[in-house]
$ cat my_file-v1.csv   # CSV, C-alpha atoms and all ligand atoms
chain,number,residue,atom,x,y,z
A,1,MET,CA,203.8,155.7,92.7
A,2,GLY,CA,207.4,155.5,92.0
A,3,SER,CA,210.3,156.5,94.2
A,4,ILE,CA,210.6,160.0,95.6
A,5,GLY,CA,213.4,160.6,93.0
A,6,SER,CA,211.3,159.5,90.1
A,7,ASN,CA,208.3,161.3,91.4
A,8,LEU,CA,210.3,164.5,91.6
A,9,GLN,CA,211.4,164.1,88.0
A,10,GLU,CA,207.8,163.6,86.9
A,11,VAL,CA,206.6,166.7,88.8
A,12,ARG,CA,209.4,168.8,87.3
A,13,GLY,CA,208.4,167.5,83.9
A,14,ARG,CA,204.8,168.5,84.5
A,15,ILE,CA,205.9,172.0,85.5
A,16,GLU,CA,208.1,172.4,82.4
A,17,ARG,CA,205.3,171.2,80.1
A,18,ALA,CA,202.9,173.6,81.8
A,19,CYS,CA,205.3,176.5,81.4
A,20,ALA,CA,205.9,175.6,77.7
A,21,ALA,CA,202.2,175.4,77.1
A,22,SER,CA,201.6,178.9,78.3
A,23,GLY,CA,204.8,180.4,76.8
A,24,ARG,CA,206.5,180.9,80.2
A,25,ASP,CA,210.1,180.6,81.1
A,26,ALA,CA,210.4,177.0,82.3
A,27,HIS,CA,213.1,177.6,84.8
A,28,ILE,CA,212.4,175.6,88.0
A,29,PHE,CA,213.8,177.2,91.2
A,30,THR,CA,214.7,174.8,94.0
A,31,GLN,CA,214.2,177.7,96.5
A,32,VAL,CA,212.4,181.0,96.1
A,33,PRO,CA,214.9,183.6,94.9
A,34,GLY,CA,215.3,186.9,96.8
A,35,PRO,CA,213.1,189.8,96.1
A,36,GLN,CA,215.7,191.6,94.1
A,37,ALA,CA,215.8,188.9,91.4
A,38,ALA,CA,214.0,190.4,88.5
A,39,HIS,CA,213.5,187.1,86.9
A,40,ALA,CA,211.7,185.7,90.0
A,41,ALA,CA,208.2,186.2,88.7
A,42,ARG,CA,208.9,184.3,85.5
A,43,GLY,CA,210.2,180.9,86.8
A,44,VAL,CA,208.4,178.5,89.2
A,45,THR,CA,209.6,177.3,92.5
A,46,LEU,CA,208.9,173.7,93.4
A,47,LEU,CA,208.0,173.5,97.1
A,48,ALA,CA,208.0,169.8,98.3
A,49,VAL,CA,205.2,169.5,100.9
A,50,SER,CA,206.5,166.9,103.4
A,51,LYS,CA,203.8,167.1,106.0
A,52,THR,CA,203.1,163.7,107.6
A,53,PHE,CA,206.3,162.2,106.1
A,54,GLY,CA,209.4,161.8,108.2
A,55,ALA,CA,212.8,163.3,108.1
A,56,GLU,CA,214.1,160.4,106.1
A,57,ALA,CA,211.7,161.2,103.3
A,58,VAL,CA,213.0,164.8,103.3
A,59,ARG,CA,216.5,163.5,103.1
A,60,GLU,CA,215.6,161.4,100.1
A,61,ALA,CA,214.0,164.3,98.4
A,62,PHE,CA,217.1,166.4,99.2
A,63,ALA,CA,219.3,163.8,97.6
A,64,HIS,CA,217.3,164.2,94.5
A,65,GLY,CA,217.6,168.0,94.4
A,66,ALA,CA,214.7,169.3,96.5
A,67,ARG,CA,215.7,172.3,98.7
A,68,ALA,CA,212.5,173.9,99.8
A,69,PHE,CA,210.0,172.0,102.0
A,70,GLY,CA,206.5,172.8,103.1
A,71,GLU,CA,205.0,171.8,106.4
A,72,ASN,CA,201.4,172.2,107.9
A,73,TYR,CA,201.7,171.3,111.5
A,74,VAL,CA,204.0,173.4,113.7
A,75,GLN,CA,204.9,170.7,116.2
A,76,GLU,CA,205.6,168.2,113.6
A,77,ALA,CA,207.7,170.6,111.6
A,78,LEU,CA,209.8,171.7,114.5
A,79,ALA,CA,210.8,168.1,115.2
A,80,LYS,CA,211.7,167.6,111.6
A,81,ILE,CA,213.7,170.8,111.3
A,82,GLU,CA,215.6,169.7,114.4
A,83,ALA,CA,216.2,166.2,113.0
A,84,LEU,CA,217.5,167.8,109.8
A,85,ALA,CA,219.7,170.4,111.5
A,86,ASP,CA,222.7,169.2,109.6
A,87,LEU,CA,221.1,170.4,106.4
A,88,ARG,CA,219.6,173.6,107.8
A,89,SER,CA,221.8,176.0,105.8
A,90,GLN,CA,220.8,174.3,102.5
A,91,LEU,CA,217.1,174.2,103.1
A,92,GLN,CA,214.2,176.6,103.0
A,93,TRP,CA,211.4,175.8,105.4
A,94,HIS,CA,207.9,177.0,104.5
A,95,LEU,CA,204.9,176.9,106.8
A,96,VAL,CA,201.8,176.3,104.6
A,97,GLY,CA,199.4,175.3,107.3
A,98,PRO,CA,197.2,177.4,109.6
A,99,LEU,CA,199.0,179.4,112.3
A,100,GLN,CA,197.5,180.2,115.6
A,101,GLY,CA,198.5,183.2,117.7
A,102,ASN,CA,200.0,181.1,120.4
A,103,LYS,CA,202.4,179.3,118.0
A,104,THR,CA,204.0,182.4,116.3
A,105,ARG,CA,207.2,182.4,118.3
A,106,PRO,CA,208.6,179.0,117.4
A,107,VAL,CA,207.5,179.7,113.8
A,108,ALA,CA,209.3,183.1,113.7
A,109,GLU,CA,212.4,181.4,115.1
A,110,ALA,CA,212.5,178.3,112.9
A,111,PHE,CA,211.0,179.0,109.5
A,112,ASP,CA,212.1,181.0,106.5
A,113,TRP,CA,208.6,181.5,105.0
A,114,VAL,CA,205.0,181.6,106.2
A,115,HIS,CA,202.3,181.4,103.5
A,116,THR,CA,199.2,181.6,105.7
A,117,VAL,CA,199.1,185.0,107.3
A,118,ASP,CA,195.5,186.1,107.2
A,119,ARG,CA,195.3,188.8,109.9
A,120,LEU,CA,197.4,191.6,111.1
A,121,LYS,CA,197.8,190.4,114.6
A,122,ILE,CA,199.7,187.3,113.4
A,123,ALA,CA,202.0,189.3,111.2
A,124,GLU,CA,202.7,191.7,114.0
A,125,ARG,CA,203.6,188.9,116.4
A,126,LEU,CA,205.8,187.2,113.8
A,127,ALA,CA,207.6,190.5,113.1
A,128,ALA,CA,208.1,191.2,116.8
A,129,GLN,CA,209.3,187.6,117.5
A,130,ARG,CA,211.7,187.2,114.5
A,131,PRO,CA,215.2,187.0,115.9
A,132,PRO,CA,217.3,190.0,114.8
A,133,GLY,CA,220.1,187.7,113.8
A,134,LEU,CA,218.1,186.1,111.0
A,135,PRO,CA,217.1,187.4,107.6
A,136,PRO,CA,213.5,188.8,107.5
A,137,LEU,CA,210.7,186.2,107.6
A,138,GLU,CA,209.2,186.0,104.1
A,139,VAL,CA,205.4,186.0,104.2
A,140,CYS,CA,202.4,185.6,101.9
A,141,LEU,CA,198.9,186.5,102.7
A,142,GLN,CA,196.4,183.7,102.4
A,143,VAL,CA,193.3,184.7,100.4
A,144,ASN,CA,189.9,183.0,100.5
A,145,VAL,CA,189.4,182.8,96.7
A,146,SER,CA,186.5,180.3,96.7
A,147,GLY,CA,184.3,182.3,99.0
A,148,GLU,CA,183.4,179.4,101.2
A,149,ALA,CA,182.5,180.6,104.7
A,150,SER,CA,184.5,177.9,106.4
A,151,LYS,CA,187.8,178.5,104.5
A,152,SER,CA,190.6,180.4,106.2
A,153,GLY,CA,192.2,183.3,104.4
A,154,VAL,CA,191.4,187.0,104.2
A,155,GLU,CA,188.4,188.0,102.1
A,156,PRO,CA,189.4,189.7,98.8
A,157,THR,CA,187.6,192.9,99.9
A,158,GLU,CA,189.8,193.0,103.1
A,159,LEU,CA,193.0,192.2,101.3
A,160,PRO,CA,194.2,195.7,100.3
A,161,GLY,CA,194.0,197.0,103.8
A,162,LEU,CA,195.7,194.0,105.3
A,163,ALA,CA,198.5,194.0,102.7
A,164,ALA,CA,199.2,197.7,103.3
A,165,ALA,CA,199.4,197.1,107.0
A,166,VAL,CA,201.6,194.1,106.8
A,167,ALA,CA,203.9,195.8,104.2
A,168,ALA,CA,204.3,198.6,106.8
A,169,LEU,CA,205.8,196.3,109.4
A,170,PRO,CA,209.6,196.5,110.0
A,171,ARG,CA,211.2,195.1,106.8
A,172,GLU,CA,214.3,193.8,108.5
A,173,ARG,CA,212.0,191.5,110.4
A,174,LEU,CA,209.2,190.5,108.0
A,175,ARG,CA,208.8,191.0,104.3
A,176,LEU,CA,205.5,190.7,102.5
A,177,ARG,CA,206.2,188.8,99.2
A,178,GLY,CA,202.9,187.8,97.8
A,179,LEU,CA,199.6,185.9,98.0
A,180,MET,CA,198.7,182.3,98.6
A,181,SER,CA,195.4,180.4,98.1
A,182,ILE,CA,193.9,176.9,98.7
A,183,PRO,CA,191.1,176.8,96.2
A,184,GLN,CA,188.1,174.6,96.5
A,185,PRO,CA,189.1,171.2,95.0
A,186,THR,CA,187.5,170.5,91.6
A,187,GLU,CA,188.4,168.4,88.6
A,188,ASP,CA,187.0,171.1,86.3
A,189,ILE,CA,190.1,172.6,84.8
A,190,SER,CA,188.3,175.8,83.8
A,191,GLU,CA,187.1,176.3,87.4
A,192,GLN,CA,190.6,175.6,88.7
A,193,ARG,CA,191.9,178.3,86.3
A,194,ARG,CA,189.2,180.7,87.3
A,195,GLN,CA,190.1,180.5,91.0
A,196,HIS,CA,193.8,180.8,90.2
A,197,ARG,CA,193.2,183.8,87.9
A,198,ARG,CA,191.3,185.5,90.7
A,199,LEU,CA,194.4,185.3,93.0
A,200,CYS,CA,196.6,186.6,90.1
A,201,GLU,CA,194.3,189.5,89.6
A,202,LEU,CA,194.4,190.4,93.2
A,203,LEU,CA,198.2,190.3,93.2
A,204,GLU,CA,198.3,192.6,90.1
A,205,ALA,CA,195.9,195.0,91.8
A,206,LEU,CA,198.2,195.2,94.8
A,207,ARG,CA,201.2,195.8,92.6
A,208,ALA,CA,199.4,198.5,90.7
A,209,GLY,CA,198.8,200.1,94.1
A,210,GLY,CA,202.5,200.2,94.6
A,211,LEU,CA,203.4,197.1,96.6
A,212,ALA,CA,206.5,195.3,95.4
A,213,LEU,CA,205.2,191.7,95.4
A,214,ASP,CA,206.6,188.8,93.4
A,215,THR,CA,205.1,185.6,94.7
A,216,LEU,CA,202.0,183.7,93.8
A,217,SER,CA,201.8,180.6,95.9
A,218,MET,CA,199.2,178.5,94.2
A,219,GLY,CA,198.8,175.0,92.7
A,220,MET,CA,199.1,171.6,94.3
A,221,SER,CA,199.5,168.0,93.0
A,222,ALA,CA,196.1,168.0,91.4
A,223,ASP,CA,196.0,171.5,89.8
A,224,LEU,CA,199.5,172.6,89.2
A,225,GLU,CA,199.1,172.9,85.5
A,226,ALA,CA,196.1,175.3,85.9
A,227,ALA,CA,198.1,177.3,88.4
A,228,VAL,CA,201.2,177.6,86.2
A,229,ALA,CA,198.9,178.7,83.3
A,230,GLU,CA,197.6,181.5,85.5
A,231,GLY,CA,201.0,182.8,86.6
A,232,SER,CA,201.9,180.8,89.7
A,233,THR,CA,205.5,181.4,90.9
A,234,LEU,CA,205.4,178.6,93.5
A,235,VAL,CA,203.6,175.3,93.4
A,236,ARG,CA,203.1,173.3,96.7
A,237,VAL,CA,203.3,169.6,95.8
A,238,GLY,CA,202.9,166.9,98.4
A,239,SER,CA,201.3,163.6,97.3
A,240,ALA,CA,202.7,163.6,93.8
A,241,ILE,CA,206.2,163.6,95.3
A,242,PHE,CA,205.9,161.7,98.6
A,243,GLY,CA,202.9,159.5,97.9
A,244,ALA,CA,199.4,159.4,99.4
A,245,ARG,CA,199.2,160.5,103.0
A,246,GLY,CA,197.9,157.9,105.4
B,301,LIG,C1,198.9,169.4,101.9
B,301,LIG,C2,199.0,170.7,101.2
B,301,LIG,C3,199.6,170.8,99.9
B,301,LIG,C4,200.0,169.6,99.1
B,301,LIG,O1,198.9,169.0,98.7
B,301,LIG,P1,199.0,167.7,97.6
B,301,LIG,O2,197.6,167.7,97.1
B,301,LIG,O3,199.4,166.6,98.4
B,301,LIG,O4,200.0,168.1,96.6
B,301,LIG,C5,199.8,172.1,99.4
B,301,LIG,N1,199.4,173.2,100.1
B,301,LIG,C6,198.8,173.1,101.3
B,301,LIG,C7,198.4,174.3,102.0
B,301,LIG,C8,198.6,171.8,101.9
B,301,LIG,O5,198.0,171.8,103.1
$ encode --input "my_file-v1.csv" --output "structure tokens" --more "lines below"
Ligand SMILES: *Cc1c(COP(=O)(O)O)cnc(C)c1O
Amino acid sequence: MGSIGSNLQEVRGRIERACAASGRDAHIFTQVPGPQAAHAARGVTLLAVSKTFGAEAVREAFAHGARAFGENYVQEALAKIEALADLRSQLQWHLVGPLQGNKTRPVAEAFDWVHTVDRLKIAERLAAQRPPGLPPLEVCLQVNVSGEASKSGVEPTELPGLAAAVAALPRERLRLRGLMSIPQPTEDISEQRRQHRRLCELLEALRAGGLALDTLSMGMSADLEAAVAEGSTLVRVGSAIFGARG
């Protein structure tokens, strides 16, 4: 592994090559653009997943242009957001880890995005607890695309109902932006693509049903090329930027 700066360069290169290979606009966003941006669905946002790495690693990534960071563990993230308060207005913080009902309040207060909403109760709490002074919390619904019984995420059959209910929550508090998945890890590229294609099809079906969604949060260090090929608009990359987690 190189430095965080050179790793970031390498990951950006991988995204650009993956975009070029599938004829997509190779623009890399450092933060997810607002929902009005018509071009949003064409470029790819690079989310740097900084879980288990300290605030200094985030500062280093920031110095090399990263502006959106993903965290898994609420307590760890809150400490990091606090330690990086001086950069707060320039950063977008995304929760990509599981969210329990008793942790929604600090998340609603501190984060910009939550990718892992998989039941209405959580979305309702986040909407109710989002401070009125802040912009709406942007959320994705996590979908279980691999069908493993143990995986979190809403089942595809339950998705349309959940999406409609979440989209109906007060928009000034919470805005449904799209879908997220954590597929079953596999080195088989065609299987990676099949699982990513499934999420893309589910998003298309919701759009066809009238929901204005623009975000497909899929692809990690090991499978970002397959995800970009299948339409990902946001890749969540940890180890390829920060190194192996201890
Ligand atoms: C850890 C994590 C990532 C980043 O994984 P890498 O393989 O290190 O890139 C992305 N998404 C989620 C939900 C994660 O938990």
$ residues_near_ligand --input "my_file-v1.csv" --ligand "ligand LIG 301 (chain B)" --cutoff "10 Å" --atoms "all atoms listed in the file" --output "ChimeraX atom specification"
/A:47-52,70-73,95-98,115-116,142,180-183,185,217-224,235-245
$ residues_around --input "my_file-v1.csv" --residues "Ser22 of chain A" --least-positions-apart "2" --cutoff "10 Å" --atoms "all atoms listed in the file" --output "JSON, numbers by chain"
{"A": [17, 18, 19, 20, 24, 25, 26, 225, 228, 229, 230, 231]}
$ closest_residue --input "my_file-v1.csv" --among "A:Gly209, A:Trp113, A:Gln9, A:Leu179" --to "His94 of chain A" --atoms "only C-alpha atoms"
A:Trp113
$ residues_near_point --input "my_file-v1.csv" --point "(212.6, 177.7, 109.3)" --cutoff "9 Å" --atoms "only C-alpha atoms" --output "ChimeraX atom specification"
/A:77-78,81,88,91-95,107-113,137
$ write_last_selection --input "my_file-v1.csv" --atoms "C-alpha atoms" --output "tab-separated table (two decimals), keeping the file's coordinate frame"
chain	number	residue	atom	x	y	z
A	77	ALA	CA	207.70	170.60	111.60
A	78	LEU	CA	209.80	171.70	114.50
A	81	ILE	CA	213.70	170.80	111.30
A	88	ARG	CA	219.60	173.60	107.80
A	91	LEU	CA	217.10	174.20	103.10
A	92	GLN	CA	214.20	176.60	103.00
A	93	TRP	CA	211.40	175.80	105.40
A	94	HIS	CA	207.90	177.00	104.50
A	95	LEU	CA	204.90	176.90	106.80
A	107	VAL	CA	207.50	179.70	113.80
A	108	ALA	CA	209.30	183.10	113.70
A	109	GLU	CA	212.40	181.40	115.10
A	110	ALA	CA	212.50	178.30	112.90
A	111	PHE	CA	211.00	179.00	109.50
A	112	ASP	CA	212.10	181.00	106.50
A	113	TRP	CA	208.60	181.50	105.00
A	137	LEU	CA	210.70	186.20	107.60
$ closest_residue --input "my_file-v1.csv" --among "A:Val143, A:Ala226, A:Leu159, A:Ile15" --to "Val44 of chain A" --atoms "all atoms listed in the file"
A:Ile15
$ atom_distance --input "my_file-v1.csv" --atom1 "atom CA of Pro33 of chain A" --atom2 "atom CA of Glu172 of chain A"
17.0 Å
$ closest_residue --input "my_file-v1.csv" --among "A:Leu126, A:Val139, A:Leu46, A:Ala66" --to "Leu176 of chain A" --atoms "all atoms listed in the file"
A:Val139
$ closest_residue --input "my_file-v1.csv" --among "A:Thr233, A:Ser89, A:Arg125, A:Lys80" --to "Asn102 of chain A" --atoms "all atoms listed in the file"
A:Arg125
$ atom_distance --input "my_file-v1.csv" --atom1 "atom CA of Ser152 of chain A" --atom2 "atom CA of Pro170 of chain A"
25.2 Å
$ closest_residue --input "my_file-v1.csv" --among "A:Arg130, A:His196, A:Arg42, A:Lys103" --to "Arg175 of chain A" --atoms "all atoms listed in the file"
A:Arg130
$ atom_distance --input "my_file-v1.csv" --atom1 "atom CA of Thr186 of chain A" --atom2 "atom CA of Arg207 of chain A"
28.8 Å
$ closest_residue --input "my_file-v1.csv" --among "A:Glu187, A:Pro135, A:Gln195, A:Ala205" --to "Arg173 of chain A" --atoms "all atoms listed in the file"
A:Pro135
$ residues_near_point --input "my_file-v1.csv" --point "(203.5, 188.8, 99.1)" --cutoff "6 Å" --atoms "only C-alpha atoms" --output "PyMOL selection string"
chain A and resi 140+176-179+213+215
